[in-house]
file protein_27.pdb (PDB, N, CA and C atoms)
ATOM      1  N   MET A1407       3.347 -19.025 -32.509
ATOM      2  CA  MET A1407       3.468 -18.511 -31.155
ATOM      3  C   MET A1407       3.606 -16.992 -31.209
ATOM      4  N   ASN A1408       2.834 -16.322 -30.377
ATOM      5  CA  ASN A1408       2.900 -14.867 -30.267
ATOM      6  C   ASN A1408       3.868 -14.473 -29.160
ATOM      7  N   LYS A1409       4.434 -13.291 -29.300
ATOM      8  CA  LYS A1409       5.359 -12.784 -28.285
ATOM      9  C   LYS A1409       4.609 -11.784 -27.401
ATOM     10  N   PHE A1410       4.796 -11.929 -26.092
ATOM     11  CA  PHE A1410       4.154 -11.046 -25.127
ATOM     12  C   PHE A1410       5.167 -10.557 -24.119
ATOM     13  N   GLU A1411       4.941  -9.340 -23.637
ATOM     14  CA  GLU A1411       5.674  -8.819 -22.492
ATOM     15  C   GLU A1411       4.668  -8.699 -21.360
ATOM     16  N   VAL A1412       5.042  -9.193 -20.196
ATOM     17  CA  VAL A1412       4.131  -9.285 -19.067
ATOM     18  C   VAL A1412       4.715  -8.527 -17.881
ATOM     19  N   VAL A1413       3.878  -7.733 -17.232
ATOM     20  CA  VAL A1413       4.263  -7.091 -15.975
ATOM     21  C   VAL A1413       3.310  -7.603 -14.904
ATOM     22  N   LEU A1414       3.872  -8.172 -13.845
ATOM     23  CA  LEU A1414       3.095  -8.654 -12.713
ATOM     24  C   LEU A1414       3.392  -7.753 -11.524
ATOM     25  N   ILE A1415       2.345  -7.333 -10.818
ATOM     26  CA  ILE A1415       2.495  -6.496  -9.631
ATOM     27  C   ILE A1415       1.991  -7.296  -8.440
ATOM     28  N   PHE A1416       2.908  -7.561  -7.502
ATOM     29  CA  PHE A1416       2.609  -8.419  -6.355
ATOM     30  C   PHE A1416       2.373  -7.605  -5.090
ATOM     31  N   ASN A1417       1.617  -8.188  -4.189
ATOM     32  CA  ASN A1417       1.338  -7.637  -2.870
ATOM     33  C   ASN A1417       2.664  -7.313  -2.164
ATOM     34  N   PRO A1418       2.824  -6.090  -1.620
ATOM     35  CA  PRO A1418       4.093  -5.720  -0.987
ATOM     36  C   PRO A1418       4.335  -6.393   0.361
ATOM     37  N   GLU A1419       3.325  -7.020   0.916
ATOM     38  CA  GLU A1419       3.466  -7.663   2.216
ATOM     39  C   GLU A1419       3.968  -9.104   2.114
ATOM     40  N   LEU A1420       4.236  -9.566   0.903
ATOM     41  CA  LEU A1420       4.712 -10.932   0.717
ATOM     42  C   LEU A1420       6.163 -11.074   1.185
ATOM     43  N   SER A1421       6.461 -12.210   1.782
ATOM     44  CA  SER A1421       7.850 -12.512   2.117
ATOM     45  C   SER A1421       8.574 -12.927   0.836
ATOM     46  N   ALA A1422       9.881 -13.001   0.905
ATOM     47  CA  ALA A1422      10.666 -13.389  -0.274
ATOM     48  C   ALA A1422      10.287 -14.793  -0.725
ATOM     49  N   ASN A1423      10.075 -15.706   0.226
ATOM     50  CA  ASN A1423       9.700 -17.078  -0.133
ATOM     51  C   ASN A1423       8.324 -17.131  -0.786
ATOM     52  N   ALA A1424       7.371 -16.373  -0.237
ATOM     53  CA  ALA A1424       6.022 -16.360  -0.807
ATOM     54  C   ALA A1424       6.030 -15.739  -2.199
ATOM     55  N   LEU A1425       6.815 -14.692  -2.385
ATOM     56  CA  LEU A1425       6.922 -14.050  -3.694
ATOM     57  C   LEU A1425       7.506 -15.013  -4.718
ATOM     58  N   ASN A1426       8.563 -15.722  -4.337
ATOM     59  CA  ASN A1426       9.178 -16.692  -5.249
ATOM     60  C   ASN A1426       8.230 -17.836  -5.564
ATOM     61  N   SER A1427       7.451 -18.291  -4.584
ATOM     62  CA  SER A1427       6.512 -19.386  -4.849
ATOM     63  C   SER A1427       5.391 -18.924  -5.779
ATOM     64  N   GLU A1428       4.922 -17.674  -5.630
ATOM     65  CA  GLU A1428       3.907 -17.139  -6.545
ATOM     66  C   GLU A1428       4.461 -17.060  -7.965
ATOM     67  N   LEU A1429       5.707 -16.636  -8.075
ATOM     68  CA  LEU A1429       6.337 -16.532  -9.395
ATOM     69  C   LEU A1429       6.529 -17.907 -10.020
ATOM     70  N   GLU A1430       6.965 -18.870  -9.235
ATOM     71  CA  GLU A1430       7.123 -20.241  -9.730
ATOM     72  C   GLU A1430       5.768 -20.827 -10.138
ATOM     73  N   ASN A1431       4.734 -20.490  -9.389
ATOM     74  CA  ASN A1431       3.384 -20.941  -9.719
ATOM     75  C   ASN A1431       2.960 -20.380 -11.080
ATOM     76  N   PHE A1432       3.247 -19.097 -11.313
ATOM     77  CA  PHE A1432       2.921 -18.479 -12.594
ATOM     78  C   PHE A1432       3.698 -19.140 -13.732
ATOM     79  N   LYS A1433       4.981 -19.393 -13.501
ATOM     80  CA  LYS A1433       5.809 -20.039 -14.531
ATOM     81  C   LYS A1433       5.305 -21.446 -14.853
ATOM     82  N   SER A1434       4.878 -22.180 -13.845
ATOM     83  CA  SER A1434       4.359 -23.529 -14.093
ATOM     84  C   SER A1434       3.051 -23.474 -14.875
ATOM     85  N   LYS A1435       2.233 -22.443 -14.623
ATOM     86  CA  LYS A1435       1.001 -22.258 -15.405
ATOM     87  C   LYS A1435       1.343 -21.998 -16.866
ATOM     88  N   LEU A1436       2.386 -21.184 -17.091
ATOM     89  CA  LEU A1436       2.813 -20.923 -18.469
ATOM     90  C   LEU A1436       3.221 -22.217 -19.161
ATOM     91  N   GLU A1437       4.040 -23.013 -18.483
ATOM     92  CA  GLU A1437       4.519 -24.267 -19.072
ATOM     93  C   GLU A1437       3.378 -25.244 -19.311
ATOM     94  N   SER A1438       2.393 -25.260 -18.416
ATOM     95  CA  SER A1438       1.264 -26.177 -18.595
ATOM     96  C   SER A1438       0.396 -25.777 -19.788
ATOM     97  N   HIS A1439       0.471 -24.509 -20.194
ATOM     98  CA  HIS A1439      -0.281 -24.026 -21.353
ATOM     99  C   HIS A1439       0.600 -23.963 -22.597
ATOM    100  N   SER A1440       1.669 -24.730 -22.625
ATOM    101  CA  SER A1440       2.606 -24.826 -23.753
ATOM    102  C   SER A1440       3.190 -23.466 -24.152
ATOM    103  N   SER A1441       3.553 -22.677 -23.160
ATOM    104  CA  SER A1441       4.175 -21.377 -23.387
ATOM    105  C   SER A1441       5.627 -21.429 -22.932
ATOM    106  N   LYS A1442       6.440 -20.501 -23.447
ATOM    107  CA  LYS A1442       7.854 -20.455 -23.084
ATOM    108  C   LYS A1442       8.185 -19.127 -22.432
ATOM    109  N   LEU A1443       8.953 -19.187 -21.345
ATOM    110  CA  LEU A1443       9.489 -17.991 -20.715
ATOM    111  C   LEU A1443      10.825 -17.683 -21.380
ATOM    112  N   ILE A1444      10.933 -16.517 -22.006
ATOM    113  CA  ILE A1444      12.147 -16.136 -22.720
ATOM    114  C   ILE A1444      13.118 -15.433 -21.780
ATOM    115  N   ASN A1445      12.669 -14.376 -21.120
ATOM    116  CA  ASN A1445      13.499 -13.599 -20.202
ATOM    117  C   ASN A1445      12.664 -13.142 -19.019
ATOM    118  N   GLU A1446      13.368 -12.758 -17.968
ATOM    119  CA  GLU A1446      12.700 -12.287 -16.758
ATOM    120  C   GLU A1446      13.555 -11.197 -16.140
ATOM    121  N   GLU A1447      12.899 -10.206 -15.539
ATOM    122  CA  GLU A1447      13.622  -9.127 -14.887
ATOM    123  C   GLU A1447      12.887  -8.736 -13.608
ATOM    124  N   ASN A1448      13.637  -8.584 -12.536
ATOM    125  CA  ASN A1448      13.068  -8.186 -11.254
ATOM    126  C   ASN A1448      13.206  -6.679 -11.121
ATOM    127  N   TRP A1449      12.068  -5.971 -11.067
ATOM    128  CA  TRP A1449      12.099  -4.525 -10.902
ATOM    129  C   TRP A1449      12.024  -4.135  -9.430
ATOM    130  N   GLY A1450      11.795  -5.094  -8.558
ATOM    131  CA  GLY A1450      11.842  -4.860  -7.125
ATOM    132  C   GLY A1450      10.625  -4.134  -6.565
ATOM    133  N   LEU A1451      10.774  -3.652  -5.331
ATOM    134  CA  LEU A1451       9.714  -2.921  -4.638
ATOM    135  C   LEU A1451       9.725  -1.478  -5.116
ATOM    136  N   ARG A1452       8.593  -1.042  -5.668
ATOM    137  CA  ARG A1452       8.499   0.301  -6.245
ATOM    138  C   ARG A1452       7.227   0.986  -5.755
ATOM    139  N   ASP A1453       7.253   2.311  -5.803
ATOM    140  CA  ASP A1453       6.062   3.081  -5.467
ATOM    141  C   ASP A1453       5.026   2.932  -6.575
ATOM    142  N   LEU A1454       3.759   2.866  -6.177
ATOM    143  CA  LEU A1454       2.665   2.840  -7.141
ATOM    144  C   LEU A1454       2.257   4.280  -7.468
ATOM    145  N   SER A1455       1.752   4.504  -8.654
ATOM    146  CA  SER A1455       1.291   5.839  -9.040
ATOM    147  C   SER A1455       0.069   6.246  -8.229
ATOM    148  N   TYR A1456      -0.737   5.260  -7.868
ATOM    149  CA  TYR A1456      -1.929   5.487  -7.051
ATOM    150  C   TYR A1456      -2.131   4.246  -6.189
ATOM    151  N   ASN A1457      -2.864   4.397  -5.112
ATOM    152  CA  ASN A1457      -3.098   3.272  -4.207
ATOM    153  C   ASN A1457      -3.921   2.184  -4.894
ATOM    154  N   ILE A1458      -3.503   0.949  -4.701
ATOM    155  CA  ILE A1458      -4.244  -0.208  -5.186
ATOM    156  C   ILE A1458      -4.498  -1.093  -3.975
ATOM    157  N   ASN A1459      -5.756  -1.309  -3.661
ATOM    158  CA  ASN A1459      -6.131  -2.101  -2.479
ATOM    159  C   ASN A1459      -5.424  -1.589  -1.225
ATOM    160  N   LYS A1460      -5.333  -0.273  -1.087
ATOM    161  CA  LYS A1460      -4.703   0.411   0.054
ATOM    162  C   LYS A1460      -3.185   0.219   0.126
ATOM    163  N   PHE A1461      -2.569  -0.287  -0.934
ATOM    164  CA  PHE A1461      -1.116  -0.430  -0.976
ATOM    165  C   PHE A1461      -0.514   0.767  -1.708
ATOM    166  N   LYS A1462       0.596   1.271  -1.177
ATOM    167  CA  LYS A1462       1.306   2.380  -1.815
ATOM    168  C   LYS A1462       2.537   1.898  -2.568
ATOM    169  N   LYS A1463       2.972   0.674  -2.287
ATOM    170  CA  LYS A1463       4.131   0.073  -2.944
ATOM    171  C   LYS A1463       3.762  -1.337  -3.379
ATOM    172  N   ALA A1464       4.573  -1.888  -4.284
ATOM    173  CA  ALA A1464       4.343  -3.262  -4.735
ATOM    174  C   ALA A1464       5.624  -3.803  -5.371
ATOM    175  N   PHE A1465       5.711  -5.121  -5.428
ATOM    176  CA  PHE A1465       6.822  -5.785  -6.108
ATOM    177  C   PHE A1465       6.463  -5.952  -7.578
ATOM    178  N   TYR A1466       7.388  -5.555  -8.447
ATOM    179  CA  TYR A1466       7.182  -5.654  -9.890
ATOM    180  C   TYR A1466       8.071  -6.742 -10.471
ATOM    181  N   ARG A1467       7.512  -7.504 -11.413
ATOM    182  CA  ARG A1467       8.277  -8.475 -12.197
ATOM    183  C   ARG A1467       7.924  -8.286 -13.660
ATOM    184  N   TYR A1468       8.933  -8.310 -14.507
ATOM    185  CA  TYR A1468       8.775  -8.147 -15.953
ATOM    186  C   TYR A1468       9.211  -9.451 -16.609
ATOM    187  N   LEU A1469       8.347  -9.989 -17.489
ATOM    188  CA  LEU A1469       8.662 -11.244 -18.158
ATOM    189  C   LEU A1469       8.407 -11.113 -19.654
ATOM    190  N   GLN A1470       9.210 -11.822 -20.421
ATOM    191  CA  GLN A1470       8.994 -11.933 -21.860
ATOM    192  C   GLN A1470       8.652 -13.383 -22.138
ATOM    193  N   ILE A1471       7.499 -13.599 -22.784
ATOM    194  CA  ILE A1471       7.046 -14.967 -23.028
ATOM    195  C   ILE A1471       6.644 -15.141 -24.486
ATOM    196  N   GLU A1472       6.586 -16.389 -24.905
ATOM    197  CA  GLU A1472       6.004 -16.771 -26.186
ATOM    198  C   GLU A1472       4.873 -17.727 -25.876
ATOM    199  N   ALA A1473       3.689 -17.407 -26.380
ATOM    200  CA  ALA A1473       2.506 -18.208 -26.064
ATOM    201  C   ALA A1473       1.481 -18.072 -27.184
ATOM    202  N   PRO A1474       0.655 -19.096 -27.359
ATOM    203  CA  PRO A1474      -0.466 -18.960 -28.289
ATOM    204  C   PRO A1474      -1.447 -17.904 -27.753
ATOM    205  N   GLY A1475      -2.020 -17.102 -28.635
ATOM    206  CA  GLY A1475      -2.888 -16.007 -28.215
ATOM    207  C   GLY A1475      -4.093 -16.418 -27.393
ATOM    208  N   GLN A1476      -4.703 -17.561 -27.712
ATOM    209  CA  GLN A1476      -5.917 -17.979 -27.005
ATOM    210  C   GLN A1476      -5.635 -18.421 -25.572
ATOM    211  N   ILE A1477      -4.394 -18.704 -25.252
ATOM    212  CA  ILE A1477      -4.013 -19.151 -23.906
ATOM    213  C   ILE A1477      -4.059 -17.996 -22.911
ATOM    214  N   ILE A1478      -3.887 -16.764 -23.377
ATOM    215  CA  ILE A1478      -3.825 -15.604 -22.489
ATOM    216  C   ILE A1478      -5.111 -15.465 -21.676
ATOM    217  N   LYS A1479      -6.258 -15.740 -22.269
ATOM    218  CA  LYS A1479      -7.525 -15.663 -21.528
ATOM    219  C   LYS A1479      -7.548 -16.657 -20.376
ATOM    220  N   GLU A1480      -7.034 -17.845 -20.596
ATOM    221  CA  GLU A1480      -6.999 -18.853 -19.533
ATOM    222  C   GLU A1480      -6.035 -18.438 -18.421
ATOM    223  N   ILE A1481      -4.899 -17.872 -18.800
ATOM    224  CA  ILE A1481      -3.933 -17.411 -17.797
ATOM    225  C   ILE A1481      -4.522 -16.241 -17.007
ATOM    226  N   ASN A1482      -5.258 -15.353 -17.683
ATOM    227  CA  ASN A1482      -5.920 -14.237 -16.991
ATOM    228  C   ASN A1482      -6.873 -14.737 -15.917
ATOM    229  N   LYS A1483      -7.615 -15.791 -16.216
ATOM    230  CA  LYS A1483      -8.533 -16.355 -15.220
ATOM    231  C   LYS A1483      -7.767 -16.827 -13.991
ATOM    232  N   ASP A1484      -6.635 -17.482 -14.219
ATOM    233  CA  ASP A1484      -5.815 -17.952 -13.095
ATOM    234  C   ASP A1484      -5.267 -16.778 -12.287
ATOM    235  N   LEU A1485      -4.813 -15.731 -12.970
ATOM    236  CA  LEU A1485      -4.249 -14.574 -12.274
ATOM    237  C   LEU A1485      -5.307 -13.817 -11.482
ATOM    238  N   ASN A1486      -6.532 -13.766 -11.989
ATOM    239  CA  ASN A1486      -7.615 -13.087 -11.274
ATOM    240  C   ASN A1486      -7.943 -13.773  -9.957
ATOM    241  N   GLN A1487      -7.684 -15.061  -9.847
ATOM    242  CA  GLN A1487      -7.995 -15.806  -8.637
ATOM    243  C   GLN A1487      -6.912 -15.677  -7.573
ATOM    244  N   SER A1488      -5.742 -15.182  -7.931
ATOM    245  CA  SER A1488      -4.649 -15.040  -6.985
ATOM    246  C   SER A1488      -4.826 -13.765  -6.158
ATOM    247  N   GLU A1489      -4.764 -13.893  -4.850
ATOM    248  CA  GLU A1489      -4.890 -12.736  -3.971
ATOM    249  C   GLU A1489      -3.578 -11.955  -3.867
ATOM    250  N   ASN A1490      -2.464 -12.580  -4.219
ATOM    251  CA  ASN A1490      -1.163 -11.943  -4.070
ATOM    252  C   ASN A1490      -0.739 -11.142  -5.291
ATOM    253  N   ILE A1491      -1.385 -11.342  -6.414
ATOM    254  CA  ILE A1491      -1.114 -10.544  -7.618
ATOM    255  C   ILE A1491      -2.188  -9.467  -7.664
ATOM    256  N   ILE A1492      -1.764  -8.201  -7.469
ATOM    257  CA  ILE A1492      -2.768  -7.136  -7.403
ATOM    258  C   ILE A1492      -3.064  -6.517  -8.766
ATOM    259  N   ARG A1493      -2.143  -6.624  -9.710
ATOM    260  CA  ARG A1493      -2.372  -6.184 -11.094
ATOM    261  C   ARG A1493      -1.449  -6.961 -12.018
ATOM    262  N   TYR A1494      -1.838  -7.030 -13.293
ATOM    263  CA  TYR A1494      -0.999  -7.653 -14.313
ATOM    264  C   TYR A1494      -1.337  -7.042 -15.651
ATOM    265  N   LEU A1495      -0.397  -7.147 -16.584
ATOM    266  CA  LEU A1495      -0.600  -6.596 -17.915
ATOM    267  C   LEU A1495       0.130  -7.458 -18.926
ATOM    268  N   PHE A1496      -0.592  -7.868 -19.965
ATOM    269  CA  PHE A1496      -0.007  -8.604 -21.085
ATOM    270  C   PHE A1496      -0.019  -7.675 -22.294
ATOM    271  N   ILE A1497       1.120  -7.526 -22.944
ATOM    272  CA  ILE A1497       1.213  -6.702 -24.150
ATOM    273  C   ILE A1497       1.803  -7.556 -25.262
ATOM    274  N   LYS A1498       1.083  -7.637 -26.374
ATOM    275  CA  LYS A1498       1.584  -8.375 -27.532
ATOM    276  C   LYS A1498       2.563  -7.492 -28.283
ATOM    277  N   VAL A1499       3.744  -8.043 -28.600
ATOM    278  CA  VAL A1499       4.795  -7.288 -29.287
ATOM    279  C   VAL A1499       5.275  -8.067 -30.505
ATOM    280  N   ASN A1500       5.873  -7.342 -31.442
ATOM    281  CA  ASN A1500       6.469  -8.007 -32.605
ATOM    282  C   ASN A1500       7.827  -8.594 -32.245
ATOM    283  N   ASP A1501       8.641  -7.824 -31.524
ATOM    284  CA  ASP A1501       9.956  -8.271 -31.072
ATOM    285  C   ASP A1501      10.118  -7.882 -29.616
ATOM    286  N   HIS A1502      10.794  -8.741 -28.867
ATOM    287  CA  HIS A1502      11.019  -8.454 -27.454
ATOM    288  C   HIS A1502      12.034  -7.331 -27.298
ATOM    289  N   GLN A1503      11.835  -6.532 -26.261
ATOM    290  CA  GLN A1503      12.758  -5.459 -25.910
ATOM    291  C   GLN A1503      14.052  -6.066 -25.388
ATOM    292  N   GLU A1504      15.161  -5.403 -25.673
ATOM    293  CA  GLU A1504      16.439  -5.885 -25.162
ATOM    294  C   GLU A1504      16.524  -5.650 -23.658
ATOM    295  N   LEU A1505      17.104  -6.614 -22.963
ATOM    296  CA  LEU A1505      17.266  -6.484 -21.520
ATOM    297  C   LEU A1505      18.694  -6.086 -21.215
ATOM    298  N   PRO A1506      18.977  -5.385 -20.170
ATOM    299  CA  PRO A1506      18.060  -4.881 -19.161
ATOM    300  C   PRO A1506      17.264  -3.682 -19.675
ATOM    301  N   THR A1507      16.072  -3.516 -19.142
ATOM    302  CA  THR A1507      15.205  -2.427 -19.564
ATOM    303  C   THR A1507      15.649  -1.123 -18.925
ATOM    304  N   LYS A1508      15.088  -0.039 -19.398
ATOM    305  CA  LYS A1508      15.415   1.284 -18.863
ATOM    306  C   LYS A1508      15.027   1.375 -17.392
ATOM    307  N   LEU A1509      13.925   0.742 -17.005
ATOM    308  CA  LEU A1509      13.474   0.763 -15.617
ATOM    309  C   LEU A1509      14.489   0.089 -14.715
ATOM    310  N   SER A1510      15.130  -0.937 -15.197
ATOM    311  CA  SER A1510      16.158  -1.627 -14.427
ATOM    312  C   SER A1510      17.378  -0.737 -14.235
ATOM    313  N   TYR A1511      17.735   0.039 -15.254
ATOM    314  CA  TYR A1511      18.854   0.970 -15.134
ATOM    315  C   TYR A1511      18.564   2.040 -14.078
ATOM    316  N   GLU A1512      17.321   2.546 -14.058
ATOM    317  CA  GLU A1512      16.949   3.559 -13.079
ATOM    318  C   GLU A1512      17.094   3.024 -11.668
ATOM    319  N   LYS A1513      16.728   1.782 -11.474
ATOM    320  CA  LYS A1513      16.807   1.163 -10.151
ATOM    321  C   LYS A1513      18.261   1.071  -9.685
ATOM    322  N   LYS A1514      19.176   0.745 -10.587
ATOM    323  CA  LYS A1514      20.592   0.586 -10.226
ATOM    324  C   LYS A1514      21.239   1.917  -9.906
ATOM    325  N   GLU A1515      20.814   3.001 -10.572
ATOM    326  CA  GLU A1515      21.418   4.310 -10.362
ATOM    327  C   GLU A1515      21.057   4.908  -9.011
ATOM    328  N   VAL A1516      19.899   4.584  -8.488
ATOM    329  CA  VAL A1516      19.419   5.172  -7.225
ATOM    330  C   VAL A1516      20.140   4.605  -6.042
TER     331      VAL A1516
END
call {"tool": "encode", "arguments": {"input": "protein_27.pdb", "output": "structure tokens"}}
result
Amino acid sequence: MNKFEVVLIFNPELSANALNSELENFKSKLESHSSKLINEENWGLRDLSYNINKFKKAFYRYLQIEAPGQIIKEINKDLNQSENIIRYLFIKVNDHQELPTKLSYEKKEV
């Protein structure tokens, strides 16, 4: 099993219930592909560096997962079909970063 860090960027117009259902949907996809969710962190509503689909803000979620490498392509296909996920990034790592992340600390200080 490979270790990945995932950042999901969600549509800012989603309600809390819709956001949670999208996240649960993603988690169920992970489990159906024999992957494990190790940790999760909510980075909240943040400004985007540049407009994406005319949005200036978006909801960020950070996840640490363990998954077989070939499964990532299948998960990417599922994520591309979702209208509520405007961007995502999978990064393969040797060891997971300790939580809370620096971005989470910045959010608490503001």
call {"tool": "resolve_selection", "arguments": {"input": "protein_27.pdb", "expression": "the PyMOL selection byres (((chain A and resi 1410 and name CA) around 10) and name CA)", "output": "MDAnalysis selection string"}}
result
chainID A and resid 1407:1409 1411:1413 1443:1444 1469:1475 1478 1495:1502
call {"tool": "closest_atom_pairs", "arguments": {"input": "protein_27.pdb", "of": "segment 1415-1458 of chain A", "to": "segment 1482-1490 of chain A", "cutoff": "8 Å", "atoms": "all atoms listed in the file", "output": "CSV"}}
result
residue,atom,partner,partner_atom,distance
A:Ile1415,C,A:Asn1490,C,5.7
A:Phe1416,CA,A:Asn1490,C,4.4
A:Asn1417,N,A:Asn1490,C,3.9
A:Pro1418,N,A:Asn1490,C,7.2
A:Leu1420,CA,A:Asn1490,CA,7.6
A:Glu1428,CA,A:Asn1490,CA,7.7
call {"tool": "atom_distance", "arguments": {"input": "protein_27.pdb", "atom1": "atom C of Ala1424 of chain A", "atom2": "atom N of Ser1441 of chain A"}}
result
22.2 Å
call {"tool": "select_by_dssp", "arguments": {"input": "protein_27.pdb", "residues": "segment 1427-1515 of chain A", "states": "strand (DSSP E)", "output": "PyMOL selection string"}}
result
chain A and resi 1442-1458+1461-1473+1491-1499
call {"tool": "resolve_selection", "arguments": {"input": "protein_27.pdb", "expression": "the PyMOL selection byres ((chain A and resi 1467) around 5)", "output": "VMD selection string"}}
result
chain A and resid 1413 to 1414 1447 to 1449 1465 to 1466 1468 to 1469
call {"tool": "resolve_selection", "arguments": {"input": "protein_27.pdb", "expression": "the PyMOL selection byres ((chain A and resi 1463) around 7)", "output": "list of chain:residue names"}}
result
A:Phe1416, A:Asn1417, A:Pro1418, A:Leu1451, A:Arg1452, A:Asp1453, A:Leu1454, A:Asn1457, A:Ile1458, A:Lys1460, A:Phe1461, A:Lys1462, A:Ala1464, A:Phe1465
call {"tool": "closest_residue", "arguments": {"input": "protein_27.pdb", "among": "A:Asn1431, A:Glu1419, A:Asn1445, A:Leu1436", "to": "Glu1504 of chain A", "atoms": "only C-alpha atoms"}}
result
A:Asn1445
call {"tool": "closest_residue", "arguments": {"input": "protein_27.pdb", "among": "A:Arg1493, A:Tyr1456, A:Pro1506, A:Gly1450", "to": "Ala1422 of chain A", "atoms": "only C-alpha atoms"}}
result
A:Gly1450
call {"tool": "select_by_dssp", "arguments": {"input": "protein_27.pdb", "residues": "chain A", "states": "alpha helix (DSSP H)", "output": "count of residues only"}}
result
36
call {"tool": "atom_distance", "arguments": {"input": "protein_27.pdb", "atom1": "atom C of Lys1435 of chain A", "atom2": "atom C of Asn1459 of chain A"}}
result
26.6 Å
call {"tool": "atom_distance", "arguments": {"input": "protein_27.pdb", "atom1": "atom C of Glu1446 of chain A", "atom2": "atom N of Leu1505 of chain A"}}
result
9.0 Å
